[in-house]
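**Student:** File name query-v2.txt; file contents compact mmCIF, C-alpha atoms and all ligand atoms; full text below.
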```txt
# COMPACT_ATOMS: atom_id res chain seq x y z
CA PRO A 1 -83.38 -92.89 10.48
CA VAL A 2 -80.36 -94.37 8.69
CA ALA A 3 -79.95 -91.34 6.41
CA ARG A 4 -80.23 -89.12 9.46
CA LEU A 5 -77.45 -91.01 11.21
CA ILE A 6 -75.20 -90.75 8.18
CA LYS A 7 -75.74 -87.01 7.88
CA ARG A 8 -75.51 -86.41 11.62
CA PRO A 9 -72.93 -88.97 12.77
CA LEU A 10 -72.25 -87.16 16.04
CA LEU A 11 -75.89 -87.22 17.15
CA GLY A 12 -76.08 -88.10 20.85
CA ARG A 13 -72.42 -87.21 21.41
CA HIS A 14 -71.01 -84.40 23.55
CA VAL A 15 -68.04 -82.56 22.05
CA LEU A 16 -66.03 -80.16 24.23
CA VAL A 17 -63.80 -77.63 22.45
CA THR A 18 -61.34 -75.03 23.79
CA SER A 19 -60.56 -72.06 21.56
CA GLY A 20 -58.86 -68.70 21.48
CA PRO A 21 -56.05 -67.35 23.63
CA THR A 22 -56.02 -66.90 27.37
CA HIS A 23 -55.21 -63.57 28.98
CA GLU A 24 -53.15 -63.54 32.16
CA PRO A 25 -53.37 -60.21 33.96
CA ILE A 26 -50.21 -58.33 34.92
CA ASP A 27 -52.09 -55.38 36.41
CA PRO A 28 -55.58 -53.95 35.80
CA VAL A 29 -54.66 -52.78 32.29
CA ARG A 30 -52.01 -55.21 31.01
CA TYR A 31 -51.90 -58.91 30.27
CA ILE A 32 -49.79 -61.76 28.83
CA ALA A 33 -51.36 -63.63 25.94
CA ASN A 34 -50.71 -66.03 23.11
CA ARG A 35 -51.42 -65.29 19.49
CA SER A 36 -54.74 -66.88 18.50
CA SER A 37 -57.77 -65.67 16.59
CA GLY A 38 -59.94 -68.59 17.72
CA LYS A 39 -60.96 -69.22 14.11
CA GLN A 40 -59.90 -72.88 14.04
CA GLY A 41 -61.42 -73.76 17.41
CA HIS A 42 -64.69 -72.01 16.66
CA ALA A 43 -64.83 -73.73 13.26
CA ILE A 44 -64.47 -77.10 15.02
CA ALA A 45 -67.33 -76.26 17.38
CA ARG A 46 -69.54 -75.30 14.40
CA ALA A 47 -68.58 -78.43 12.46
CA ALA A 48 -69.32 -80.72 15.41
CA ALA A 49 -72.71 -79.07 15.92
CA GLY A 50 -73.43 -79.42 12.21
CA LEU A 51 -72.74 -83.14 12.49
CA GLY A 52 -75.32 -83.41 15.26
CA ALA A 53 -73.24 -83.20 18.45
CA ARG A 54 -74.12 -81.29 21.58
CA VAL A 55 -71.20 -78.89 21.74
CA THR A 56 -69.63 -76.94 24.59
CA LEU A 57 -67.15 -74.28 23.47
CA VAL A 58 -64.87 -72.90 26.18
CA THR A 59 -63.28 -69.82 24.69
CA GLY A 60 -60.81 -67.17 25.72
CA PRO A 61 -61.22 -63.58 24.52
CA VAL A 62 -61.78 -63.52 20.74
CA ALA A 63 -63.31 -61.11 18.24
CA LEU A 64 -65.67 -63.77 16.87
CA PRO A 65 -69.41 -64.20 17.35
CA ASP A 66 -70.63 -67.14 19.44
CA PRO A 67 -71.42 -70.01 17.06
CA GLN A 68 -75.13 -70.80 16.84
CA GLY A 69 -76.45 -73.92 18.47
CA VAL A 70 -73.41 -74.26 20.72
CA ASP A 71 -73.12 -73.77 24.50
CA VAL A 72 -70.43 -71.11 24.85
CA VAL A 73 -68.49 -70.51 28.07
CA HIS A 74 -66.39 -67.34 28.05
CA VAL A 75 -63.22 -67.31 30.12
CA GLU A 76 -60.20 -65.07 30.46
CA THR A 77 -57.36 -66.98 32.11
CA ALA A 78 -55.91 -70.48 31.80
CA GLN A 79 -57.08 -71.35 35.30
CA GLU A 80 -60.63 -70.28 34.42
CA MET A 81 -60.44 -72.31 31.20
CA PHE A 82 -59.27 -75.36 33.15
CA ARG A 83 -62.13 -75.07 35.65
CA ALA A 84 -64.68 -74.58 32.85
CA VAL A 85 -63.40 -77.69 31.07
CA GLU A 86 -63.60 -79.75 34.28
CA ARG A 87 -67.14 -78.51 34.96
CA ASN A 88 -68.27 -79.43 31.44
CA LEU A 89 -66.93 -82.98 31.37
CA PRO A 90 -67.84 -85.73 30.65
CA ALA A 91 -67.52 -85.53 26.89
CA ASP A 92 -67.18 -88.13 24.15
CA VAL A 93 -64.68 -85.97 22.26
CA ALA A 94 -62.50 -83.18 23.68
CA VAL A 95 -60.61 -80.88 21.31
CA PHE A 96 -57.98 -78.51 22.71
CA ALA A 97 -57.54 -75.81 20.10
CA ALA A 98 -56.91 -72.97 22.55
CA ALA A 99 -53.55 -71.20 22.66
CA VAL A 100 -53.21 -71.31 26.43
CA ALA A 101 -50.69 -68.91 27.96
CA ASP A 102 -47.98 -71.08 29.47
CA TRP A 103 -47.32 -68.71 32.36
CA ARG A 104 -49.24 -66.33 34.56
CA THR A 105 -47.89 -63.75 36.96
CA ALA A 106 -47.41 -65.04 40.50
CA ALA A 107 -49.50 -62.13 41.77
CA GLU A 108 -51.56 -59.61 39.84
CA ALA A 109 -50.74 -56.01 40.78
CA GLN A 110 -53.86 -54.39 42.19
CA GLN A 111 -52.81 -50.96 40.95
CA LYS A 112 -51.61 -50.04 37.50
CA LEU A 113 -47.81 -50.27 37.31
CA LYS A 114 -46.33 -46.90 36.40
CA LYS A 115 -43.51 -46.76 33.89
CA SER A 116 -41.96 -43.94 35.87
CA GLY A 117 -41.13 -46.45 38.60
CA ASP A 118 -38.36 -49.05 38.57
CA LYS A 119 -38.20 -51.32 35.53
CA PRO A 120 -40.61 -54.07 36.58
CA SER A 121 -39.70 -57.73 36.61
CA LEU A 122 -42.46 -60.29 36.33
CA ASP A 123 -42.54 -63.29 38.61
CA LEU A 124 -44.11 -66.03 36.47
CA VAL A 125 -45.60 -69.38 37.43
CA GLU A 126 -46.60 -72.15 35.03
CA ASN A 127 -50.26 -72.61 34.15
CA PRO A 128 -51.96 -76.01 34.39
CA ASP A 129 -51.73 -78.10 31.22
CA ILE A 130 -55.43 -78.53 30.45
CA LEU A 131 -54.95 -81.06 27.64
CA GLY A 132 -52.36 -82.97 29.67
CA ASN A 133 -54.71 -83.24 32.64
CA VAL A 134 -57.69 -84.42 30.60
CA GLY A 135 -55.59 -86.76 28.46
CA LYS A 136 -54.30 -88.54 31.56
CA LEU A 137 -57.60 -88.78 33.45
CA ARG A 138 -57.93 -92.21 35.07
CA SER A 139 -61.71 -92.12 35.06
CA GLY A 140 -64.10 -90.10 32.96
CA ARG A 141 -61.55 -89.57 30.21
CA PRO A 142 -63.19 -88.61 26.90
CA LEU A 143 -63.18 -91.41 24.33
CA LEU A 144 -61.20 -89.24 21.95
CA VAL A 145 -58.78 -86.51 23.11
CA ILE A 146 -57.44 -84.24 20.38
CA GLY A 147 -54.70 -81.66 20.91
CA PHE A 148 -53.07 -79.08 18.69
CA ALA A 149 -49.41 -78.20 18.25
CA ALA A 150 -48.40 -74.92 16.67
CA GLU A 151 -44.69 -75.18 15.95
CA THR A 152 -42.00 -73.15 14.26
CA ALA A 153 -39.54 -76.07 13.88
CA ASN A 154 -39.52 -79.89 13.90
CA VAL A 155 -43.30 -80.08 13.46
CA ALA A 156 -43.46 -83.86 13.03
CA GLY A 157 -41.18 -84.61 15.98
CA GLU A 158 -42.89 -82.18 18.34
CA ALA A 159 -46.35 -83.43 17.38
CA ALA A 160 -45.43 -87.04 18.15
CA ARG A 161 -43.73 -86.06 21.40
CA LYS A 162 -46.66 -83.93 22.59
CA ARG A 163 -49.17 -86.64 21.68
CA LYS A 164 -47.45 -89.05 24.04
CA SER A 165 -46.48 -86.67 26.82
CA LYS A 166 -49.99 -85.20 27.09
CA GLY A 167 -51.87 -88.48 26.80
CA ALA A 168 -53.67 -87.28 23.65
CA ASP A 169 -55.04 -89.65 21.04
CA TRP A 170 -54.51 -87.30 18.13
CA ILE A 171 -52.47 -84.17 17.56
CA VAL A 172 -53.27 -81.67 14.84
CA ALA A 173 -49.95 -80.00 14.11
CA ASN A 174 -49.13 -77.02 12.01
CA ASP A 175 -46.09 -75.02 11.06
CA VAL A 176 -46.81 -71.46 12.12
CA SER A 177 -43.59 -70.19 10.59
CA ALA A 178 -45.03 -71.04 7.14
CA PRO A 179 -45.53 -68.02 4.86
CA THR A 180 -49.18 -69.03 4.37
CA GLY A 181 -49.86 -67.35 7.72
CA THR A 182 -51.98 -69.61 9.90
CA PHE A 183 -52.37 -67.00 12.61
CA GLY A 184 -55.49 -64.97 12.04
CA GLY A 185 -55.88 -66.36 8.54
CA ASP A 186 -58.67 -68.48 7.12
CA SER A 187 -56.56 -71.39 5.89
CA ASN A 188 -54.48 -74.01 7.60
CA THR A 189 -52.01 -76.68 6.49
CA VAL A 190 -51.97 -79.40 9.13
CA ARG A 191 -50.52 -82.80 9.90
CA LEU A 192 -52.75 -85.26 11.76
CA VAL A 193 -50.74 -87.51 14.06
CA THR A 194 -52.45 -90.54 15.60
CA ALA A 195 -51.06 -93.56 17.48
CA ASP A 196 -50.29 -95.39 14.26
CA SER A 197 -50.33 -92.86 11.46
CA ALA A 198 -49.26 -89.39 10.39
CA GLU A 199 -50.99 -87.65 7.50
CA ASP A 200 -50.12 -84.38 5.86
CA TRP A 201 -53.34 -82.69 4.80
CA PRO A 202 -53.32 -80.26 1.87
CA PRO A 203 -53.86 -76.54 2.50
CA LEU A 204 -57.53 -76.23 3.48
CA SER A 205 -59.81 -73.60 4.87
CA LYS A 206 -60.16 -73.74 8.66
CA ASP A 207 -63.81 -74.76 8.12
CA GLU A 208 -62.71 -77.66 5.94
CA VAL A 209 -60.05 -78.77 8.46
CA ALA A 210 -62.75 -78.65 11.14
CA LEU A 211 -65.23 -80.68 9.12
CA ARG A 212 -62.69 -83.35 8.16
CA LEU A 213 -61.49 -83.60 11.74
CA MET A 214 -64.99 -84.03 13.16
CA GLN A 215 -65.92 -86.53 10.44
CA ARG A 216 -62.83 -88.52 11.39
CA ALA A 217 -63.83 -88.29 15.04
CA ALA A 218 -67.30 -89.62 14.19
CA GLU A 219 -65.77 -92.54 12.26
CA HIS A 220 -63.44 -93.28 15.16
CA LEU A 221 -66.32 -93.36 17.66
CA GLY A 222 -68.40 -95.43 15.27
CA ARG A 223 -65.68 -98.06 15.13
CA GLY A 224 -66.28 -99.48 18.53
CA ALA A 225 -65.94 -96.83 21.19
CA ALA A 226 -69.50 -96.83 22.50
CA ALA A 227 -70.63 -93.89 24.59
N1 LIG B 301 -52.47 -76.83 26.14
C1 LIG B 301 -53.33 -76.83 27.21
N2 LIG B 301 -52.98 -76.20 28.37
C2 LIG B 301 -51.81 -75.58 28.48
C3 LIG B 301 -50.91 -75.55 27.38
C4 LIG B 301 -51.27 -76.20 26.23
O1 LIG B 301 -54.41 -77.42 27.12
N3 LIG B 301 -51.49 -74.97 29.62
C5 LIG B 301 -52.84 -77.55 24.92
C6 LIG B 301 -53.10 -76.67 23.71
O2 LIG B 301 -54.46 -76.28 23.66
C7 LIG B 301 -52.72 -77.60 22.57
C8 LIG B 301 -51.62 -78.46 23.16
O3 LIG B 301 -51.76 -78.39 24.56
O4 LIG B 301 -53.78 -78.47 22.24
C9 LIG B 301 -50.24 -78.09 22.77
O5 LIG B 301 -49.99 -76.76 23.15
P1 LIG B 301 -48.53 -76.22 23.02
O6 LIG B 301 -48.48 -74.80 23.48
O7 LIG B 301 -48.03 -76.53 21.65
O8 LIG B 301 -47.78 -77.19 24.04
P2 LIG B 301 -46.88 -76.90 25.30
O9 LIG B 301 -46.88 -78.17 26.07
O10 LIG B 301 -47.34 -75.68 26.02
O11 LIG B 301 -45.44 -76.74 24.67
P3 LIG B 301 -44.62 -75.42 24.19
O12 LIG B 301 -43.48 -75.35 25.14
O13 LIG B 301 -44.19 -75.78 22.78
O14 LIG B 301 -45.51 -74.21 24.22
CA CA B 302 -47.52 -73.60 25.08
```
Represent the structure contained in this file as structure tokens.
**Tutor:**
Amino acid sequence: PVARLIKRPLLGRHVLVTSGPTHEPIDPVRYIANRSSGKQGHAIARAAAGLGARVTLVTGPVALPDPQGVDVVHVETAQEMFRAVERNLPADVAVFAAAVADWRTAAEAQQKLKKSGDKPSLDLVENPDILGNVGKLRSGRPLLVIGFAAETANVAGEAARKRKSKGADWIVANDVSAPTGTFGGDSNTVRLVTADSAEDWPPLSKDEVALRLMQRAAEHLGRGAAA
């Protein structure tokens, strides 16, 4: 039993992961989206399952297969993602790897907009901050809340700011302006920001980032935070 616990340190834990982009419809054929392949989020779901966790993966539209041994909830919009996250709490660990569209259109056109008409202007409203809402839950907050920050400038400063403002425990930050090409690629160079530390990890595959992150999560839970 001891060896089993060491190999599967997330046994008995529930890990909730968001992944992929969200699509916000403009009309029946057009949408607003963020750039995200879902590779990092899906890798985290696989890694958590491999370490023994029960995993719920809430994913926007991606061109990836559903990971095996994971409960997958497919959503399209940020509001759907938010509702799916709420429905699938409580969790011991929640990881927000999704690239959520920050805005949606105030009203979706029911008919396809024609370019022959007037130049359209989009009335946008802000989407709910899913990580921010879960991070600041007064009751039923996951023991460990992990957010991501994809930045093109001031990575360290933005990561620390977002960690606090969203009530996250950890932020995994990366510089998406880097020539290594995080978007769509298989490797990732990240900085892990916690309450009392900031570590620059070497360039790693997204699978390796996922495994290290979930091993760290298991250690963190093991050090006191009982389910
Ligand atoms: N996030 C979320 N819901 C949103 C927006 C962001 O859950 N509506 C989460 C992302 O999944 C990520 C973290 O918040 O874990 C940071 O996302 P990011 O887009 O970097 O943060 P924003 O607060 O939207 O700031 P920005 O203006 O830089 O886009
Ligand atoms: Ca954003």
**Student:** Within 6 Å of range 70-84 of chain A, counting all atoms listed in the file, which residues qualify if same-chain residues fewer than 5 places away don't, as a list in words?
**Tutor:**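 Counting only the stated atoms, we get Thr22, His23, Glu24, Val55, Thr56, Leu57, Val58, Thr59, Gly60 and Ile130 of chain A.
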**Student:** Pick out the closest residue to ligand CA 302 (chain B) from this set: A:Val2, A:Leu131, A:Ala109, A:Ala168. Count all atoms listed in the file.
**Tutor:**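 Using all atoms listed in the file, the shortest distance to ligand CA 302 (chain B) belongs to A:Leu131.
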**Student:** Compute the set of protein, DNA and RNA residues whose minimum atom distance to ligand CA 302 (chain B) is at most 8 Å, using only C-alpha atoms and all ligand atoms, and state it as a PyMOL selection string.
**Tutor:** chain A and resi 99-102
**Student:** I'd like to know which of A:Leu64, A:Ala33, A:Ala150, A:Ala107 is closest to ligand LIG 301 (chain B), using all atoms listed in the file.
**Tutor:**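 Closest to ligand LIG 301 (chain B) of all the choices is A:Ala150.
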**Student:** Pick out the closest residue to Gly52 in chain A from this set: A:Arg13, A:Lys112, A:Arg8, A:Arg141. Count all atoms listed in the file.
**Tutor:**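 Checking each candidate against Gly52 in chain A, we get A:Arg8 as the closest.
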**Student:** Give the residues close to ligand LIG 301 (chain B), within 9 Å, counting only C-alpha atoms and all ligand atoms; write them as an MDAnalysis selection string.
**Tutor:** chainID A and resid 18:19 78:79 81:82 95:103 126:134 146:151 158:159 162:163 165:166 168 171:173
**Student:** What does the distance from CA of Lys206 in chain A to CA of Asn34 in chain A come to in Å, to one decimal?
**Tutor:**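 CA of Asn34 in chain A lies at a distance of 18.9 Å from CA of Lys206 in chain A.
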**Student:** Mind giving me the axis-aligned box for range 199-216 of chain A with 6 Å on every side, centre plus edges in Å to one decimal, as JSON?
**Tutor:**
```
{"center_x": -58.0, "center_y": -81.1, "center_z": 7.5, "size_x": 27.8, "size_y": 26.9, "size_z": 23.3}
```
**Student:** For the atom pair CA of Lys39 in chain A and CA of Ala218 in chain A, what is the interatomic distance in Å to one decimal place?
**Tutor:**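 About the pair CA of Lys39 in chain A and CA of Ala218 in chain A: they are 21.4 Å apart.
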**Student:** Hey, can you check how far CA of Ala63 in chain A sits from CA of Gly38 in chain A?
**Tutor:**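 Taking CA of Ala63 in chain A and CA of Gly38 in chain A, their separation equals 8.2 Å.
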**Student:** Rank nothing, just name the residue among A:Gly167, A:Lys119, A:Ala156, A:Ala48 nearest to Ser197 in chain A, using all atoms listed in the file.
**Tutor:**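 So, comparing all the options, the nearest one is A:Ala156.
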**Student:** Could you name the residues that touch Val15 in chain A at 12 Å or less, counting only C-alpha atoms, but leaving out those on the same chain fewer than 4 positions away, as a PDB file with C-alpha atoms, keeping the file's coordinate frame?
**Tutor:**
```pdb
ATOM      1  CA  LEU A  10     -72.250 -87.160  16.040  1.00  0.00           C
ATOM      2  CA  LEU A  11     -75.890 -87.220  17.150  1.00  0.00           C
ATOM      3  CA  GLY A  41     -61.420 -73.760  17.410  1.00  0.00           C
ATOM      4  CA  ILE A  44     -64.470 -77.100  15.020  1.00  0.00           C
ATOM      5  CA  ALA A  45     -67.330 -76.260  17.380  1.00  0.00           C
ATOM      6  CA  ARG A  46     -69.540 -75.300  14.400  1.00  0.00           C
ATOM      7  CA  ALA A  47     -68.580 -78.430  12.460  1.00  0.00           C
ATOM      8  CA  ALA A  48     -69.320 -80.720  15.410  1.00  0.00           C
ATOM      9  CA  ALA A  49     -72.710 -79.070  15.920  1.00  0.00           C
ATOM     10  CA  GLY A  50     -73.430 -79.420  12.210  1.00  0.00           C
ATOM     11  CA  LEU A  51     -72.740 -83.140  12.490  1.00  0.00           C
ATOM     12  CA  GLY A  52     -75.320 -83.410  15.260  1.00  0.00           C
ATOM     13  CA  ALA A  53     -73.240 -83.200  18.450  1.00  0.00           C
ATOM     14  CA  ARG A  54     -74.120 -81.290  21.580  1.00  0.00           C
ATOM     15  CA  VAL A  55     -71.200 -78.890  21.740  1.00  0.00           C
ATOM     16  CA  THR A  56     -69.630 -76.940  24.590  1.00  0.00           C
ATOM     17  CA  LEU A  57     -67.150 -74.280  23.470  1.00  0.00           C
ATOM     18  CA  VAL A  58     -64.870 -72.900  26.180  1.00  0.00           C
ATOM     19  CA  VAL A  70     -73.410 -74.260  20.720  1.00  0.00           C
ATOM     20  CA  ASP A  71     -73.120 -73.770  24.500  1.00  0.00           C
ATOM     21  CA  VAL A  85     -63.400 -77.690  31.070  1.00  0.00           C
ATOM     22  CA  ASN A  88     -68.270 -79.430  31.440  1.00  0.00           C
ATOM     23  CA  LEU A  89     -66.930 -82.980  31.370  1.00  0.00           C
ATOM     24  CA  PRO A  90     -67.840 -85.730  30.650  1.00  0.00           C
ATOM     25  CA  ALA A  91     -67.520 -85.530  26.890  1.00  0.00           C
ATOM     26  CA  ASP A  92     -67.180 -88.130  24.150  1.00  0.00           C
ATOM     27  CA  VAL A  93     -64.680 -85.970  22.260  1.00  0.00           C
ATOM     28  CA  ALA A  94     -62.500 -83.180  23.680  1.00  0.00           C
ATOM     29  CA  VAL A  95     -60.610 -80.880  21.310  1.00  0.00           C
ATOM     30  CA  PHE A  96     -57.980 -78.510  22.710  1.00  0.00           C
ATOM     31  CA  PRO A 142     -63.190 -88.610  26.900  1.00  0.00           C
ATOM     32  CA  LEU A 143     -63.180 -91.410  24.330  1.00  0.00           C
ATOM     33  CA  LEU A 144     -61.200 -89.240  21.950  1.00  0.00           C
ATOM     34  CA  VAL A 145     -58.780 -86.510  23.110  1.00  0.00           C
ATOM     35  CA  ILE A 146     -57.440 -84.240  20.380  1.00  0.00           C
ATOM     36  CA  MET A 214     -64.990 -84.030  13.160  1.00  0.00           C
ATOM     37  CA  ALA A 217     -63.830 -88.290  15.040  1.00  0.00           C
ATOM     38  CA  ALA A 218     -67.300 -89.620  14.190  1.00  0.00           C
ATOM     39  CA  LEU A 221     -66.320 -93.360  17.660  1.00  0.00           C
ATOM     40  CA  ALA A 227     -70.630 -93.890  24.590  1.00  0.00           C
TER      41      ALA A 227
END
```
**Student:** Check the smallest atom-to-atom distance from each of A:Ser187, A:Gln215, A:Thr105, A:Ser37 to Val125 in chain A using all atoms listed in the file, then report the winner.
**Tutor:** A:Thr105
**Student:** Measuring between only C-alpha atoms, which one of A:His42, A:Val193, A:Gly140, A:Val62 shows the shortest distance to Arg161 in chain A?
**Tutor:** A:Val193
